[in-house]
>>> print(open('model_17.csv').read())   # CSV, C-alpha atoms
chain,number,residue,atom,x,y,z
A,1,MET,CA,0.0,0.0,0.0
A,2,LYS,CA,1.3,3.4,-0.9
A,3,LYS,CA,2.0,5.6,2.1
A,4,TYR,CA,1.1,9.3,1.7
A,5,ILE,CA,1.9,12.0,4.2
A,6,ASN,CA,-1.1,14.2,5.0
A,7,MET,CA,0.1,17.7,4.6
A,8,LYS,CA,-3.4,19.1,4.2
A,9,ALA,CA,-3.8,19.2,8.0
A,10,VAL,CA,-0.7,21.4,8.1
A,11,PHE,CA,-1.5,23.8,5.3
A,12,SER,CA,-5.3,23.8,4.8
A,13,SER,CA,-6.0,27.1,6.4
A,14,LEU,CA,-3.3,28.8,4.2
A,15,ALA,CA,-4.0,27.1,0.9
A,16,ALA,CA,-5.7,30.2,-0.7
A,17,VAL,CA,-2.9,32.5,0.3
A,18,ALA,CA,-0.2,30.1,-0.8
A,19,ALA,CA,-1.9,29.6,-4.1
A,20,VAL,CA,-1.9,33.3,-4.8
A,21,MET,CA,1.6,33.9,-3.7
A,22,PHE,CA,3.6,31.0,-5.1
A,23,PHE,CA,1.9,29.5,-8.1
A,24,VAL,CA,3.7,31.9,-10.5
A,25,ALA,CA,4.6,30.9,-14.0
A,26,CYS,CA,8.1,31.6,-15.2
A,27,SER,CA,6.7,34.1,-17.8
A,28,ASP,CA,6.0,36.4,-14.8
A,29,TRP,CA,9.6,36.3,-13.7
A,30,THR,CA,11.5,37.2,-16.8
A,31,ASP,CA,13.7,39.7,-15.0
A,32,VAL,CA,15.3,39.6,-11.6
A,33,ASP,CA,13.7,42.9,-10.7
A,34,SER,CA,10.3,42.3,-12.2
A,35,LEU,CA,8.5,40.9,-9.1
A,36,ASP,CA,4.9,40.3,-9.8
A,37,THR,CA,2.8,43.2,-8.3
A,38,ASP,CA,-0.1,40.9,-7.3
A,39,GLU,CA,2.3,38.7,-5.3
A,40,ILE,CA,3.7,41.7,-3.4
A,41,ILE,CA,0.2,43.0,-2.7
A,42,ALA,CA,-0.9,39.6,-1.5
A,43,ARG,CA,2.0,39.2,0.9
A,44,GLU,CA,1.5,42.7,2.3
A,45,GLN,CA,-2.2,42.1,2.8
A,46,ASN,CA,-1.7,38.7,4.3
A,47,GLU,CA,1.6,39.0,6.2
A,48,GLN,CA,0.2,37.4,9.3
A,49,GLN,CA,-1.1,34.4,7.4
A,50,TYR,CA,2.1,34.1,5.5
A,51,GLN,CA,4.2,34.0,8.7
A,52,GLN,CA,1.9,31.3,10.0
A,53,TYR,CA,2.3,29.3,6.8
A,54,LEU,CA,6.1,29.5,7.2
A,55,SER,CA,5.8,28.4,10.8
A,56,ASN,CA,3.7,25.4,9.8
A,57,LEU,CA,6.1,24.6,7.0
A,58,ARG,CA,9.1,24.6,9.4
A,59,GLN,CA,7.1,22.3,11.7
A,60,TRP,CA,6.2,20.0,8.9
A,61,ARG,CA,9.9,19.4,8.2
A,62,LYS,CA,10.0,17.5,11.4
A,63,SER,CA,7.2,15.1,10.4
A,64,ASP,CA,7.5,11.7,8.8
A,65,HIS,CA,7.6,12.4,5.0
A,66,LYS,CA,9.5,11.6,1.9
A,67,ILE,CA,12.6,13.6,1.6
A,68,VAL,CA,13.4,15.7,-1.6
A,69,ILE,CA,17.0,16.8,-2.3
A,70,GLY,CA,17.8,19.1,-5.2
A,71,TRP,CA,21.3,19.8,-6.6
A,72,PHE,CA,21.2,23.4,-7.8
A,73,ASP,CA,23.3,24.8,-10.6
A,74,ASN,CA,24.4,28.1,-9.0
A,75,SER,CA,27.1,28.9,-11.7
A,76,VAL,CA,25.3,32.1,-12.6
A,77,LYS,CA,26.6,34.9,-10.4
A,78,ILE,CA,24.6,37.8,-12.0
A,79,PRO,CA,21.0,36.5,-12.0
A,80,SER,CA,18.7,37.3,-14.9
A,81,SER,CA,15.9,34.9,-14.0
A,82,ARG,CA,14.2,33.6,-10.9
A,83,ALA,CA,15.6,30.2,-11.9
A,84,HIS,CA,18.9,31.5,-10.5
A,85,HIS,CA,17.5,31.9,-7.0
A,86,ILE,CA,17.2,29.0,-4.6
A,87,THR,CA,14.3,31.0,-2.9
A,88,ASP,CA,12.1,29.9,-5.9
A,89,VAL,CA,12.7,26.2,-5.4
A,90,PRO,CA,9.4,24.6,-4.2
A,91,ASP,CA,9.0,25.0,-0.5
A,92,SER,CA,8.6,21.3,0.1
A,93,VAL,CA,12.1,20.6,-1.1
A,94,ASP,CA,14.0,19.7,2.1
A,95,ILE,CA,17.7,20.0,1.1
A,96,ILE,CA,19.4,22.1,-1.6
A,97,ALA,CA,22.9,21.1,-2.6
A,98,LEU,CA,24.9,23.9,-4.3
A,99,MET,CA,26.9,22.6,-7.3
A,100,TYR,CA,29.4,25.5,-7.0
A,101,PRO,CA,29.9,25.9,-3.2
A,102,ASP,CA,32.7,28.5,-3.3
A,103,ASN,CA,32.8,32.1,-4.4
A,104,LEU,CA,29.2,32.7,-3.5
A,105,ALA,CA,27.7,36.0,-4.7
A,106,ASP,CA,26.0,38.3,-2.2
A,107,PHE,CA,22.5,37.4,-3.5
A,108,GLU,CA,23.3,33.7,-3.0
A,109,ILE,CA,24.3,34.3,0.7
A,110,GLU,CA,21.1,36.2,1.2
A,111,ASP,CA,19.0,33.5,-0.4
A,112,ILE,CA,20.7,30.8,1.7
A,113,ALA,CA,19.8,32.8,4.9
A,114,THR,CA,16.2,33.3,3.7
A,115,VAL,CA,15.4,29.7,2.9
A,116,ARG,CA,17.1,28.5,6.1
A,117,ARG,CA,15.4,31.0,8.3
A,118,ASP,CA,11.9,31.2,6.8
A,119,LYS,CA,11.4,27.8,5.3
A,120,GLY,CA,13.7,25.5,7.3
A,121,MET,CA,15.5,24.2,4.2
A,122,LYS,CA,19.0,22.9,4.6
A,123,VAL,CA,21.7,24.0,2.2
A,124,ILE,CA,24.7,21.7,1.6
A,125,TYR,CA,27.3,20.9,-1.0
A,126,THR,CA,29.2,17.8,-2.3
A,127,VAL,CA,32.9,17.1,-2.1
A,128,ASP,CA,33.5,14.5,-4.9
A,129,TYR,CA,36.4,12.1,-4.3
A,130,ASP,CA,36.3,10.7,-7.8
A,131,ALA,CA,36.2,14.1,-9.5
A,132,ILE,CA,39.3,15.3,-7.5
A,133,LYS,CA,41.1,12.0,-8.2
A,134,ASN,CA,40.3,12.0,-12.0
A,135,GLU,CA,41.4,15.7,-12.3
A,136,ILE,CA,44.8,14.9,-10.7
A,137,ASP,CA,45.3,11.7,-12.7
A,138,LEU,CA,44.8,13.8,-15.9
A,139,GLU,CA,47.2,16.4,-14.8
A,140,ILE,CA,49.9,13.7,-14.0
A,141,LEU,CA,49.3,12.1,-17.4
A,142,ASN,CA,49.6,15.5,-19.2
A,143,ALA,CA,52.8,16.3,-17.3
A,144,GLU,CA,54.4,13.0,-18.2
A,145,ARG,CA,53.5,13.5,-21.8
A,146,ASN,CA,54.8,17.0,-21.9
A,147,GLY,CA,58.0,16.3,-19.9
A,148,ASP,CA,56.8,18.7,-17.2
A,149,GLU,CA,57.3,18.3,-13.4
A,150,VAL,CA,54.9,15.6,-12.3
A,151,PRO,CA,52.9,16.5,-9.2
A,152,ASP,CA,52.8,14.1,-6.3
A,153,PHE,CA,49.3,12.5,-6.2
A,154,GLU,CA,48.8,12.2,-2.4
A,155,THR,CA,50.1,15.7,-1.6
A,156,THR,CA,47.9,17.2,-4.3
A,157,PHE,CA,44.9,15.2,-3.3
A,158,ARG,CA,45.2,16.2,0.3
A,159,GLU,CA,45.5,19.8,-0.6
A,160,ARG,CA,42.5,19.9,-2.9
A,161,PHE,CA,40.3,17.7,-0.7
A,162,GLY,CA,41.1,19.8,2.3
A,163,ALA,CA,40.5,23.1,0.5
A,164,GLN,CA,37.0,21.9,-0.5
A,165,LEU,CA,36.2,20.8,3.0
A,166,GLU,CA,37.0,24.3,4.2
A,167,TYR,CA,33.9,25.6,2.4
A,168,PHE,CA,31.9,23.9,5.2
A,169,THR,CA,32.9,26.4,7.8
A,170,LYS,CA,33.7,29.3,5.5
A,171,TYR,CA,30.0,29.6,4.5
A,172,GLY,CA,28.4,27.9,7.4
A,173,TYR,CA,26.7,25.2,5.4
A,174,ASP,CA,24.1,23.1,7.0
A,175,GLY,CA,25.7,19.8,6.0
A,176,ILE,CA,28.0,18.2,3.5
A,177,SER,CA,27.9,15.2,1.1
A,178,ILE,CA,30.8,12.9,0.2
A,179,GLY,CA,30.7,11.8,-3.5
A,180,TYR,CA,32.4,8.4,-3.6
A,181,CYS,CA,32.2,5.7,-6.3
A,182,SER,CA,35.9,4.5,-6.6
A,183,VAL,CA,36.2,0.8,-7.7
A,184,LYS,CA,35.1,-2.6,-6.5
A,185,ASP,CA,37.9,-4.4,-4.6
A,186,ASP,CA,37.0,-7.9,-5.8
A,187,PHE,CA,39.8,-8.1,-8.4
A,188,LEU,CA,42.3,-5.7,-7.1
A,189,THR,CA,45.9,-6.7,-6.3
A,190,LYS,CA,47.1,-6.4,-2.8
A,191,GLU,CA,48.9,-3.1,-3.6
A,192,GLU,CA,45.9,-1.7,-5.4
A,193,TYR,CA,43.6,-2.6,-2.5
A,194,GLU,CA,45.9,-0.9,0.0
A,195,GLU,CA,46.0,2.2,-2.2
A,196,VAL,CA,42.2,2.4,-2.4
A,197,GLN,CA,41.9,1.7,1.3
A,198,LYS,CA,44.4,4.5,2.1
A,199,TYR,CA,42.2,7.1,0.4
A,200,GLN,CA,39.1,5.7,1.9
A,201,ASP,CA,40.7,6.3,5.3
A,202,ILE,CA,41.6,9.8,4.3
A,203,VAL,CA,38.2,10.7,3.0
A,204,PHE,CA,36.0,9.0,5.6
A,205,GLY,CA,38.3,9.9,8.4
A,206,ALA,CA,37.9,13.6,7.5
A,207,TYR,CA,34.1,13.3,7.5
A,208,ALA,CA,34.2,11.4,10.8
A,209,SER,CA,36.1,14.4,12.2
A,210,LEU,CA,33.5,16.8,11.0
A,211,MET,CA,30.7,14.7,12.4
A,212,GLU,CA,32.4,14.8,15.8
A,213,GLN,CA,33.0,18.5,15.7
A,214,TYR,CA,29.5,19.4,14.2
A,215,PRO,CA,27.1,16.7,15.3
A,216,ASP,CA,24.0,18.8,14.5
A,217,LYS,CA,24.8,19.1,10.8
A,218,ILE,CA,23.6,16.7,8.1
A,219,TYR,CA,25.9,14.3,6.3
A,220,LEU,CA,25.2,12.5,3.0
A,221,PHE,CA,26.9,9.7,1.2
A,222,GLU,CA,26.6,10.0,-2.5
A,223,GLY,CA,27.6,7.3,-4.9
A,224,LEU,CA,28.3,3.5,-4.7
A,225,PRO,CA,28.1,2.3,-1.1
A,226,GLU,CA,29.0,-1.2,-2.2
A,227,ASN,CA,32.5,0.0,-2.9
A,228,VAL,CA,33.1,1.2,0.6
A,229,ALA,CA,35.3,-1.4,2.4
A,230,ASP,CA,34.1,-0.7,5.9
A,231,LYS,CA,30.3,-0.4,5.4
A,232,SER,CA,29.7,0.1,9.1
A,233,ILE,CA,30.6,3.8,8.7
A,234,LEU,CA,27.7,4.3,6.3
A,235,SER,CA,25.4,4.1,9.3
A,236,ASP,CA,26.8,7.5,10.4
A,237,TYR,CA,25.3,9.2,7.4
A,238,ASP,CA,21.8,10.7,7.4
A,239,TYR,CA,21.1,9.7,3.8
A,240,ILE,CA,22.7,7.5,1.3
A,241,VAL,CA,22.2,8.8,-2.3
A,242,LEU,CA,22.6,5.9,-4.8
A,243,LYS,CA,24.0,6.3,-8.3
A,244,THR,CA,20.9,5.9,-10.4
A,245,GLN,CA,20.8,9.2,-12.1
A,246,ASP,CA,22.1,7.9,-15.5
A,247,ALA,CA,19.4,5.2,-15.8
A,248,GLN,CA,17.1,5.4,-18.8
A,249,THR,CA,14.2,3.3,-17.5
A,250,ILE,CA,12.6,2.7,-14.1
A,251,ASN,CA,13.6,-1.0,-14.4
A,252,GLU,CA,17.2,0.1,-14.7
A,253,VAL,CA,16.8,2.4,-11.7
A,254,ALA,CA,15.5,-0.5,-9.6
A,255,LEU,CA,18.3,-2.8,-10.8
A,256,LEU,CA,21.0,-0.3,-10.0
A,257,ALA,CA,19.5,0.3,-6.6
A,258,GLN,CA,19.4,-3.5,-5.9
A,259,PHE,CA,23.1,-3.8,-7.0
A,260,SER,CA,24.1,-1.3,-4.4
A,261,MET,CA,22.1,-2.8,-1.5
A,262,ILE,CA,24.5,-5.6,-0.7
A,263,GLU,CA,25.1,-6.9,2.8
A,264,GLY,CA,26.3,-4.2,5.2
A,265,VAL,CA,24.7,-1.3,3.4
A,266,PRO,CA,22.1,0.2,5.7
A,267,THR,CA,18.5,0.4,4.5
A,268,GLY,CA,15.8,3.0,5.4
A,269,ASN,CA,17.6,6.2,4.4
A,270,ILE,CA,18.1,5.6,0.7
A,271,ILE,CA,17.7,8.5,-1.7
A,272,ILE,CA,17.0,7.7,-5.4
A,273,PRO,CA,18.3,10.4,-7.7
A,274,THR,CA,17.7,11.4,-11.3
A,275,TYR,CA,18.2,14.5,-13.5
A,276,ALA,CA,15.7,17.2,-14.3
A,277,ARG,CA,14.7,17.3,-17.9
A,278,SER,CA,17.5,19.1,-19.9
A,279,THR,CA,16.8,22.6,-21.2
A,280,ALA,CA,18.7,21.7,-24.4
A,281,SER,CA,16.1,21.3,-27.2
A,282,ASP,CA,18.1,18.5,-28.8
A,283,ASP,CA,18.5,16.4,-25.6
A,284,THR,CA,15.8,13.8,-25.6
A,285,GLN,CA,17.4,11.6,-22.9
A,286,THR,CA,18.4,13.5,-19.8
A,287,GLY,CA,15.7,13.4,-17.2
A,288,ILE,CA,13.3,11.5,-19.5
A,289,PHE,CA,12.0,8.0,-19.5
A,290,TRP,CA,10.5,6.8,-22.8
A,291,ILE,CA,7.7,4.4,-22.1
A,292,ARG,CA,6.1,2.3,-24.8
A,293,ASP,CA,2.3,1.8,-24.9
A,294,PRO,CA,1.8,-1.9,-25.5
A,295,GLU,CA,-1.5,-1.3,-27.2
A,296,THR,CA,-0.4,1.3,-29.8
A,297,GLY,CA,3.3,0.4,-29.9
A,298,THR,CA,4.2,4.1,-29.7
A,299,SER,CA,6.6,5.5,-27.0
A,300,SER,CA,6.0,8.7,-25.1
A,301,ASP,CA,8.4,10.7,-22.9
A,302,TYR,CA,7.7,11.1,-19.2
A,303,SER,CA,9.6,13.0,-16.6
A,304,ALA,CA,12.0,10.6,-14.9
A,305,MET,CA,11.5,12.2,-11.5
A,306,VAL,CA,7.8,11.8,-11.7
A,307,VAL,CA,8.0,8.1,-12.6
A,308,ILE,CA,10.6,7.5,-9.9
A,309,ALA,CA,8.5,9.3,-7.3
A,310,ASP,CA,5.7,6.9,-7.9
A,311,TRP,CA,8.1,3.9,-7.7
A,312,ILE,CA,9.6,5.2,-4.4
A,313,LEU,CA,6.2,4.6,-2.7
A,314,GLU,CA,6.3,0.9,-3.7
A,315,PRO,CA,7.4,-1.4,-0.9
A,316,ASP,CA,10.7,-3.3,-1.2
A,317,ASN,CA,13.8,-4.2,0.8
A,318,ILE,CA,15.7,-1.0,-0.1
A,319,GLY,CA,14.1,1.4,2.3
A,320,LYS,CA,13.6,4.3,0.0
A,321,ARG,CA,13.6,7.6,1.9
A,322,GLY,CA,13.1,10.0,-0.9
A,323,LEU,CA,14.0,11.5,-4.2
A,324,GLY,CA,17.1,13.4,-5.4
A,325,VAL,CA,17.1,15.7,-8.5
A,326,TYR,CA,20.3,16.8,-10.1
A,327,ARG,CA,20.3,20.2,-11.8
A,328,ILE,CA,16.9,20.8,-10.2
A,329,ASN,CA,16.6,24.4,-11.5
A,330,ASP,CA,16.5,23.1,-15.1
A,331,ASP,CA,12.9,22.2,-14.2
A,332,TYR,CA,12.0,25.8,-13.6
A,333,TYR,CA,11.4,26.6,-17.3
A,334,PHE,CA,7.7,25.8,-17.9
A,335,SER,CA,5.3,28.5,-19.2
A,336,ASP,CA,2.4,27.2,-17.1
A,337,LEU,CA,4.1,26.5,-13.8
A,338,ALA,CA,7.7,26.9,-12.6
A,339,TYR,CA,9.2,23.6,-11.3
A,340,LYS,CA,6.3,21.7,-12.8
A,341,ASN,CA,7.8,18.2,-12.6
A,342,VAL,CA,9.3,18.7,-9.1
A,343,ARG,CA,6.0,19.8,-7.8
A,344,GLU,CA,4.2,16.8,-9.3
A,345,ALA,CA,6.8,14.4,-7.9
A,346,ILE,CA,6.5,16.0,-4.5
A,347,ASN,CA,2.7,15.8,-4.7
A,348,ILE,CA,2.9,12.1,-5.5
A,349,MET,CA,5.1,11.3,-2.5
A,350,ASN,CA,3.7,14.0,-0.1
A,351,PRO,CA,0.3,15.1,-1.3
A,352,SER,CA,-0.6,18.7,-0.3
A,353,PRO,CA,-2.6,21.6,-1.5
A,354,LYS,CA,0.6,23.5,-2.3
A,355,ASN,CA,4.2,22.5,-3.2
>>> encode(input="model_17.csv", output="structure tokens")
Amino acid sequence: MKKYINMKAVFSSLAAVAAVMFFVACSDWTDVDSLDTDEIIAREQNEQQYQQYLSNLRQWRKSDHKIVIGWFDNSVKIPSSRAHHITDVPDSVDIIALMYPDNLADFEIEDIATVRRDKGMKVIYTVDYDAIKNEIDLEILNAERNGDEVPDFETTFRERFGAQLEYFTKYGYDGISIGYCSVKDDFLTKEEYEEVQKYQDIVFGAYASLMEQYPDKIYLFEGLPENVADKSILSDYDYIVLKTQDAQTINEVALLAQFSMIEGVPTGNIIIPTYARSTASDDTQTGIFWIRDPETGTSSDYSAMVVIADWILEPDNIGKRGLGVYRINDDYYFSDLAYKNVREAINIMNPSPKN
């Protein structure tokens, strides 16, 4: 049986105000300064109700509901659209992960403070082990080819990994995610295994230290948990985000998830991620599942996040805790409703009068 969280009891008295204030199509937000006059008037006339709505929203965060995490592309530092503001992400999104966590613009710092204070959202970022490793490997390869001085891998890794960890306190993030895929150790030589284990100790040791220093923050594992040698440490993470975002069908998502859920990987806090539909007109794959109608034989495109949201409610041994959406702000660009698919996915998992 599908389990739906009843948010109507939380928000029912404010549904009319919320509908006026937040269901705004992106055509009304074509410029960063062109705030809709009706929305401003609505908020001024209903400030008390709005503050009560925000209070109820913050209280709802503590309830038992399906979690939604959005990875937000904040590469634009001079905003020209509401799509560049995390304040416009649907209120029911629980966690926003900034894809570019350093060199934040003033408006980004203000937006972070706003969603944290008013809506109870958490703002985090990811330190990606594999991205750092691959970057250094490429630099070493190029240096060898060009006859240049070859950087020492371990020294360089520790410097870059440490530098990215410093964003945590530099900007006061609410949490941090470790991106880790690495390799399976089944067929590694003894020397290769020891090398992989050394960097696991460096990475997870650093995160353990953060957990000890900042126990009230949230910590995510993001990648392939089956490749972590000591799986007991995964129990220390609030959520485990599996690597399912590149799947092209819901069956592939389910299969990848099952591959990751080997013995020792904790269940119950699993996040299933996908991409938002790409804004590129020639991209017919990203964030899309093509589903064939058995009667007509024709295939139609469906939002991957919407299909996954429905699947998340199906019982299994995975313990699916919620949905992840990479490049969530790509879903902003709909003429009839901003973040259309995100809202639909949320409403499937956590039905409410407003998302």
>>> residues_around(input="model_17.csv", residues="region 268-272 of chain A", least_positions_apart="3", cutoff="9 Å", atoms="only C-alpha atoms", output="list in words")
Ile67, Val68, Ile69, Tyr237, Asp238, Tyr239, Ile240, Val241, Leu242, Lys243, Thr244, Gln245, Val253, Ala257, Ile308, Ala309, Ile312, Asn317, Ile318, Gly319, Lys320, Arg321, Gly322, Leu323, Gly324 and Val325 of chain A
>>> write_last_selection(input="model_17.csv", atoms="C-alpha atoms", output="PDB file, keeping the file's coordinate frame")
ATOM      1  CA  ILE A  67      12.600  13.600   1.600  1.00  0.00           C
ATOM      2  CA  VAL A  68      13.400  15.700  -1.600  1.00  0.00           C
ATOM      3  CA  ILE A  69      17.000  16.800  -2.300  1.00  0.00           C
ATOM      4  CA  TYR A 237      25.300   9.200   7.400  1.00  0.00           C
ATOM      5  CA  ASP A 238      21.800  10.700   7.400  1.00  0.00           C
ATOM      6  CA  TYR A 239      21.100   9.700   3.800  1.00  0.00           C
ATOM      7  CA  ILE A 240      22.700   7.500   1.300  1.00  0.00           C
ATOM      8  CA  VAL A 241      22.200   8.800  -2.300  1.00  0.00           C
ATOM      9  CA  LEU A 242      22.600   5.900  -4.800  1.00  0.00           C
ATOM     10  CA  LYS A 243      24.000   6.300  -8.300  1.00  0.00           C
ATOM     11  CA  THR A 244      20.900   5.900 -10.400  1.00  0.00           C
ATOM     12  CA  GLN A 245      20.800   9.200 -12.100  1.00  0.00           C
ATOM     13  CA  VAL A 253      16.800   2.400 -11.700  1.00  0.00           C
ATOM     14  CA  ALA A 257      19.500   0.300  -6.600  1.00  0.00           C
ATOM     15  CA  ILE A 308      10.600   7.500  -9.900  1.00  0.00           C
ATOM     16  CA  ALA A 309       8.500   9.300  -7.300  1.00  0.00           C
ATOM     17  CA  ILE A 312       9.600   5.200  -4.400  1.00  0.00           C
ATOM     18  CA  ASN A 317      13.800  -4.200   0.800  1.00  0.00           C
ATOM     19  CA  ILE A 318      15.700  -1.000  -0.100  1.00  0.00           C
ATOM     20  CA  GLY A 319      14.100   1.400   2.300  1.00  0.00           C
ATOM     21  CA  LYS A 320      13.600   4.300   0.000  1.00  0.00           C
ATOM     22  CA  ARG A 321      13.600   7.600   1.900  1.00  0.00           C
ATOM     23  CA  GLY A 322      13.100  10.000  -0.900  1.00  0.00           C
ATOM     24  CA  LEU A 323      14.000  11.500  -4.200  1.00  0.00           C
ATOM     25  CA  GLY A 324      17.100  13.400  -5.400  1.00  0.00           C
ATOM     26  CA  VAL A 325      17.100  15.700  -8.500  1.00  0.00           C
TER      27      VAL A 325
END
>>> closest_residue(input="model_17.csv", among="A:Asn329, A:Ser80, A:Asn46, A:Thr114", to="Ala97 (chain A)", atoms="all atoms listed in the file")
A:Asn329
>>> atom_distance(input="model_17.csv", atom1="CA of Ser182 (chain A)", atom2="CA of Val150 (chain A)")
22.7 Å
>>> atom_distance(input="model_17.csv", atom1="CA of Arg277 (chain A)", atom2="CA of Ile132 (chain A)")
26.8 Å
>>> residues_around(input="model_17.csv", residues="Val89 (chain A)", least_positions_apart="4", cutoff="9 Å", atoms="only C-alpha atoms", output="PyMOL selection string")
chain A and resi 70+83+85+93+96+328-329+332+338-339
>>> atom_distance(input="model_17.csv", atom1="CA of Gln51 (chain A)", atom2="CA of Lys119 (chain A)")
10.1 Å
>>> residues_around(input="model_17.csv", residues="Ala280 (chain A)", least_positions_apart="5", cutoff="12 Å", atoms="all atoms listed in the file", output="PyMOL selection string")
chain A and resi 285-287+330-331+333
>>> residues_around(input="model_17.csv", residues="Ala113 (chain A)", least_positions_apart="5", cutoff="12 Å", atoms="all atoms listed in the file", output="number ranges by chain")
A: 86-87, 106-108, 118-123, 171-174
>>> closest_residue(input="model_17.csv", among="A:Glu212, A:Asp201, A:Asp310, A:Glu263", to="Lys231 (chain A)", atoms="only C-alpha atoms")
A:Glu263
>>> residues_around(input="model_17.csv", residues="region 100-102 of chain A", least_positions_apart="2", cutoff="7 Å", atoms="all atoms listed in the file", output="short mmCIF file (atom, residue, chain, number, x, y, z; two decimals) with C-alpha atoms, in the frame of the given file")
data_model
loop_
_atom_site.label_atom_id
_atom_site.label_comp_id
_atom_site.auth_asym_id
_atom_site.auth_seq_id
_atom_site.Cartn_x
_atom_site.Cartn_y
_atom_site.Cartn_z
CA ASN A 74 24.40 28.10 -9.00
CA SER A 75 27.10 28.90 -11.70
CA LEU A 98 24.90 23.90 -4.30
CA LEU A 104 29.20 32.70 -3.50
CA TYR A 125 27.30 20.90 -1.00
CA TYR A 167 33.90 25.60 2.40
#
>>> closest_residue(input="model_17.csv", among="A:Asp91, A:Asn251, A:Glu139, A:Phe259", to="Pro151 (chain A)", atoms="all atoms listed in the file")
A:Glu139
